[in-house]
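> This is the structure I have questions about; it appears just below.
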Amino acid sequence: MTTTTASTTADAGAPGSTPDLPHVLHWIAGAEAAGSGDRAADVYDPATGKRTKTLALAAPADVEAAVAAAKAAFPAWRDTSLARRTTILFAFRELLNARKGELAEIITAEHGKVLSDALGEVSRGQEIVELACGVNHLLKGAFTENASTKVDVFSIRQPLGVVSIISPFNFPAMVPMWFFPLAIATGNTVVLKPSEKDPSAANFIAALWKEAGLPDGVFNVLHGDKVAVDGLLTHPDVASVSFVGSTPIARYVYETATAHGKRVQALGGAKNHMLVLPDADLDLAADAAVNGGFGSAGERCMAVSALVAVDSVADELIAKIGERVATLRTGDGRRGCDMGPLVTGPHRDKVTGYVEAGVAEGAELVIDGREVVPDGDADGFWLGPTLFDKVTPEQSIYTDEIFGPVLSVVRVAGYDEGLELINANRYGNGVAIFTNDGGAARKFRNEVQVGMIGINVPVPVPVGYFSFGGWKQSLFGDTHAHGTEGVHFFTRGKVVTERWLDPSHGGLNLGFPQND
Ligand code: NAD
């Protein structure tokens with residue numbers, strides 16, 4: 001086993017790089033690759049506001065190189081035995097587990113989320129690696145003996161070829177891990193295009209794969225922006241696209257890639273509601289609203305952003321949330337704070353713009369995160385937990401996905417009005433209900449038009465062996481991520497009808513085959 005150290009390379013000669021900062025390169029065919037592009041992006045530490053790295057942005061020739069490497073690796077990898085594949089997967093799992101602390105530090109340094117949250121993200125991704133370690137079981141087909149006289153029928157699933165993954169900034173390790181463990185385990189080769197905001201986690205993971213013994217070219221990382229994405233969406237040698245990001249881009253990716261004949265799962269944005277009924281345990285609900293609303297500074301696709309409170313308990317619930325928020329420490333994720341900064345300066349300004357719009361549109365600002373005193377560098381991209389009450393469905397803080405630490409309370413008269421509000425929303429990613437009434441919870445899970453439901457659980461991200469995905473504008477395509485749907489997405493089915501000749505073969509018959 002080779003020992004490779006994941007690195008970002010200080011390469012003063014690379015286009016767009018600067019001599020004093022590390023330059024993040026692509027990872028193609030088992031090694032870092034400078035690429036041929038002459039464009040670069042800046043990478044920041046959100047807790048200091050400082051530029052810490054530069055990043056190579058792919059040119060069309062780099063897309064070609066990454067896809068060619070994956071294509072070249074495919075024939076041997078698809079024919080590699082399941083026993084050998086799982087040996088590599090187990091080795092990768094061990095390395096990931098042993099080095100998850102380092103990976104979490106890389107995530108915190110570029111994304112800003114606090115270290116414990118970054119560790120949690122890696123652990124949730126590791127679940128899918130562990131699922132993929134059992135691929136030999138997941139790939140088992142069905143067999144029917146003697147379906148017709150002396151005719152046996154069986155099904156097999158085979159890999160697609162070169163598959164692409166395009167991921168967002170908010171989970172630079174976990175979201176790629178929703179896809180690549182199963183893609184690789186089922187015999188595909190991968191080109192991952194991570195977010196340009198926090199690219200280094202992908203290179204660290206690539207080096208772990210190499211150390212685990214994965215053949216070169218099976219896992220490639222192509223850094224870039226729209227040029228790289230468009231190259232993958234239209235490339236004739238790319239069989240599928242697994243995308244996660246905002247809804248407008250998800251729709252674009254789905255439409256473009258399906259028009260080019262690809263299998264596509266494109267997971268989009270969200271507005272996740274949490275309905276609190278009067279019989280709920282309000283302390284539990286207040287904890288959940290704070291954890292779900294402000295964890296990872298609200299930059300989670302499963303964050304609670306709309307708290308739908310039945311009017312009779314809304315005042316008490318808001319008071320309890322206020323008590324809890326007062327104890328939170330916003331600051332540098334490496335200092336044991338509860339909540340970190342937002343990912344970039346422009347994103348922080350966009351979220352702050354929504355706070356201003358909420359005030360202007362008449363919502364009641366209960367907690368103003370703009371006044372936060374962070375435990376961190378003054379130049380960090382800070383915004384503290386923000387709470388609005390008496391938000392109405394027309395206001396932009398309700399209609400739009402804000403993707404920041406802004407929780408909007410919408411008051412309703414009761415269950416029916418709450419359900420109607422949630423079902424009228426264009427998104428359908430996650431939802432939660434807080435109640436002690438099992439009948440109400442059961443009715444809710446039956447009636448709500450959302451893909452992932454929490455009952456007294458605020459951020460109901462399914463475990464790895466179930467599948468993750470929303471409804472409506474939170475998902476384009478029909479296949480969710482990981483679990484059995486993930487296996488299905490990365491494979492194509494074949495059904496074999498087989499007969500070995502014996503003296504009783506049937507002779508000519510031009511009619512449609514019938515079984516007897
Ligand atoms: P984004 O849509 O801006 O970017 C996602 C990916 O698309 C990135 O790799 C980016 O480089 C690429 N991209 C951006 N603009 C593009 C363009 N014009 N053409 C082609 N490619 C483009 O999303 P983000 O800001 O990185 O992530 C936050 C969003 O992701 C939120 O909307 C969040 O809800 C969503 N998200 C959804 C889920 C889910 O499971 N549904 C999970 C995580 C994040």
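Here, A, B, ... name the chains of the structure tokens in the order displayed, residue numbers run from 1 inside each chain, and ligands are numbered from 1 in the same displayed order.
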Please give me, as a ChimeraX atom specification, the residues lying within 7 Å of ligand 1 when counting only C-alpha atoms and all ligand atoms.

/A:166-171,175,193-196,224-226,229-230,244-247,249-250,267-270,300-301,401,403,429,469-470,474-475

> From region 149-202 of chain A, collect each residue whose DSSP state is alpha helix (DSSP H) and return the set as an mmCIF file with N, CA and C atoms, in the first residue's frame.


```
data_model
loop_
_atom_site.group_PDB
_atom_site.id
_atom_site.type_symbol
_atom_site.label_atom_id
_atom_site.label_comp_id
_atom_site.auth_asym_id
_atom_site.auth_seq_id
_atom_site.Cartn_x
_atom_site.Cartn_y
_atom_site.Cartn_z
ATOM 1 N N MET A 174 -19.557 15.186 2.924
ATOM 2 C CA MET A 174 -20.695 14.261 3.016
ATOM 3 C C MET A 174 -21.465 14.123 1.700
ATOM 4 N N VAL A 175 -21.718 15.248 1.039
ATOM 5 C CA VAL A 175 -22.539 15.133 -0.178
ATOM 6 C C VAL A 175 -21.837 14.308 -1.260
ATOM 7 N N PRO A 176 -20.543 14.544 -1.544
ATOM 8 C CA PRO A 176 -19.897 13.617 -2.489
ATOM 9 C C PRO A 176 -19.981 12.161 -2.013
ATOM 10 N N MET A 177 -19.911 11.977 -0.693
ATOM 11 C CA MET A 177 -19.972 10.602 -0.172
ATOM 12 C C MET A 177 -21.376 10.003 -0.237
ATOM 13 N N TRP A 178 -22.390 10.813 -0.468
ATOM 14 C CA TRP A 178 -23.711 10.242 -0.747
ATOM 15 C C TRP A 178 -23.659 9.380 -2.017
ATOM 16 N N PHE A 179 -22.701 9.719 -2.896
ATOM 17 C CA PHE A 179 -22.716 9.109 -4.226
ATOM 18 C C PHE A 179 -21.513 8.207 -4.511
ATOM 19 N N PHE A 180 -20.263 8.719 -4.280
ATOM 20 C CA PHE A 180 -19.136 7.987 -4.860
ATOM 21 C C PHE A 180 -18.894 6.604 -4.247
ATOM 22 N N PRO A 181 -19.218 6.367 -2.953
ATOM 23 C CA PRO A 181 -18.959 4.995 -2.470
ATOM 24 C C PRO A 181 -19.761 3.951 -3.249
ATOM 25 N N LEU A 182 -21.034 4.239 -3.471
ATOM 26 C CA LEU A 182 -21.849 3.262 -4.198
ATOM 27 C C LEU A 182 -21.494 3.243 -5.680
ATOM 28 N N ALA A 183 -21.159 4.410 -6.233
ATOM 29 C CA ALA A 183 -20.774 4.453 -7.650
ATOM 30 C C ALA A 183 -19.548 3.580 -7.886
ATOM 31 N N ILE A 184 -18.562 3.723 -7.023
ATOM 32 C CA ILE A 184 -17.318 2.957 -7.176
ATOM 33 C C ILE A 184 -17.562 1.486 -6.864
ATOM 34 N N ALA A 185 -18.294 1.240 -5.784
ATOM 35 C CA ALA A 185 -18.526 -0.152 -5.381
ATOM 36 C C ALA A 185 -19.249 -0.944 -6.466
ATOM 37 N N SER A 200 -10.827 21.629 -0.961
ATOM 38 C CA SER A 200 -9.703 20.782 -0.537
ATOM 39 C C SER A 200 -10.121 19.432 0.028
ATOM 40 N N ALA A 201 -11.329 19.332 0.573
ATOM 41 C CA ALA A 201 -11.773 18.042 1.128
ATOM 42 C C ALA A 201 -11.736 16.959 0.050
ATOM 43 N N ALA A 202 -12.108 17.331 -1.173
ATOM 44 C CA ALA A 202 -12.150 16.346 -2.261
ATOM 45 C C ALA A 202 -10.766 15.796 -2.562
#
```

> Between CA of His482 (chain A) and CA of Thr189 (chain A), what distance in Å does the model show, to one decimal?

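Computing the Euclidean distance for CA of His482 (chain A) and CA of Thr189 (chain A) yields 16.6 Å.
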
> Identify, on the basis of only C-alpha atoms, every residue whose closest approach to region 304-317 of chain A does not exceed 6 Å; exclude the query and any residue fewer than 2 positions from it along the same chain; express the result as a ChimeraX atom specification.

/A:272-278,292-293,319-320,407-414

> Using only C-alpha atoms, which residue out of A:Leu328, A:Ala212, A:Val366, A:Ala109 lies closest to Ala47 (chain A)?

A:Ala109

> List as a list of chain:residue names the protein and nucleic acid residues near Ala257 (chain A), meaning an atom at most 9 Å away when only C-alpha atoms are counted, but skip any in the same chain fewer than 4 places from it.

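Those residues are A:Asp230, A:Leu232, A:Leu233, A:Thr234, A:Ser240, A:Val241, A:Tyr252, A:Val253, A:Gly261, A:Lys262, A:Arg263, A:Val264.
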
> Nearest to Tyr354 (chain A): which of A:Asp400, A:Val391, A:Ala378, A:Thr484 is it, counting only C-alpha atoms?

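Among A:Asp400, A:Val391, A:Ala378, A:Thr484, it is A:Asp400 that comes nearest to Tyr354 (chain A).
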
> State, in Å with one decimal place, the distance from CA of Gly134 (chain A) to CA of Phe490 (chain A).

15.2 Å

> So how far away is CA of Gly331 (chain A) from CA of His111 (chain A), in Å?

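So the answer is 13.0 Å.
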
> Contacts of Gly217 (chain A) at 6 Å or less, counting only C-alpha atoms, minus same-chain residues fewer than 5 places along, as a PyMOL selection string?

chain A and resi 29-30+69-70+73
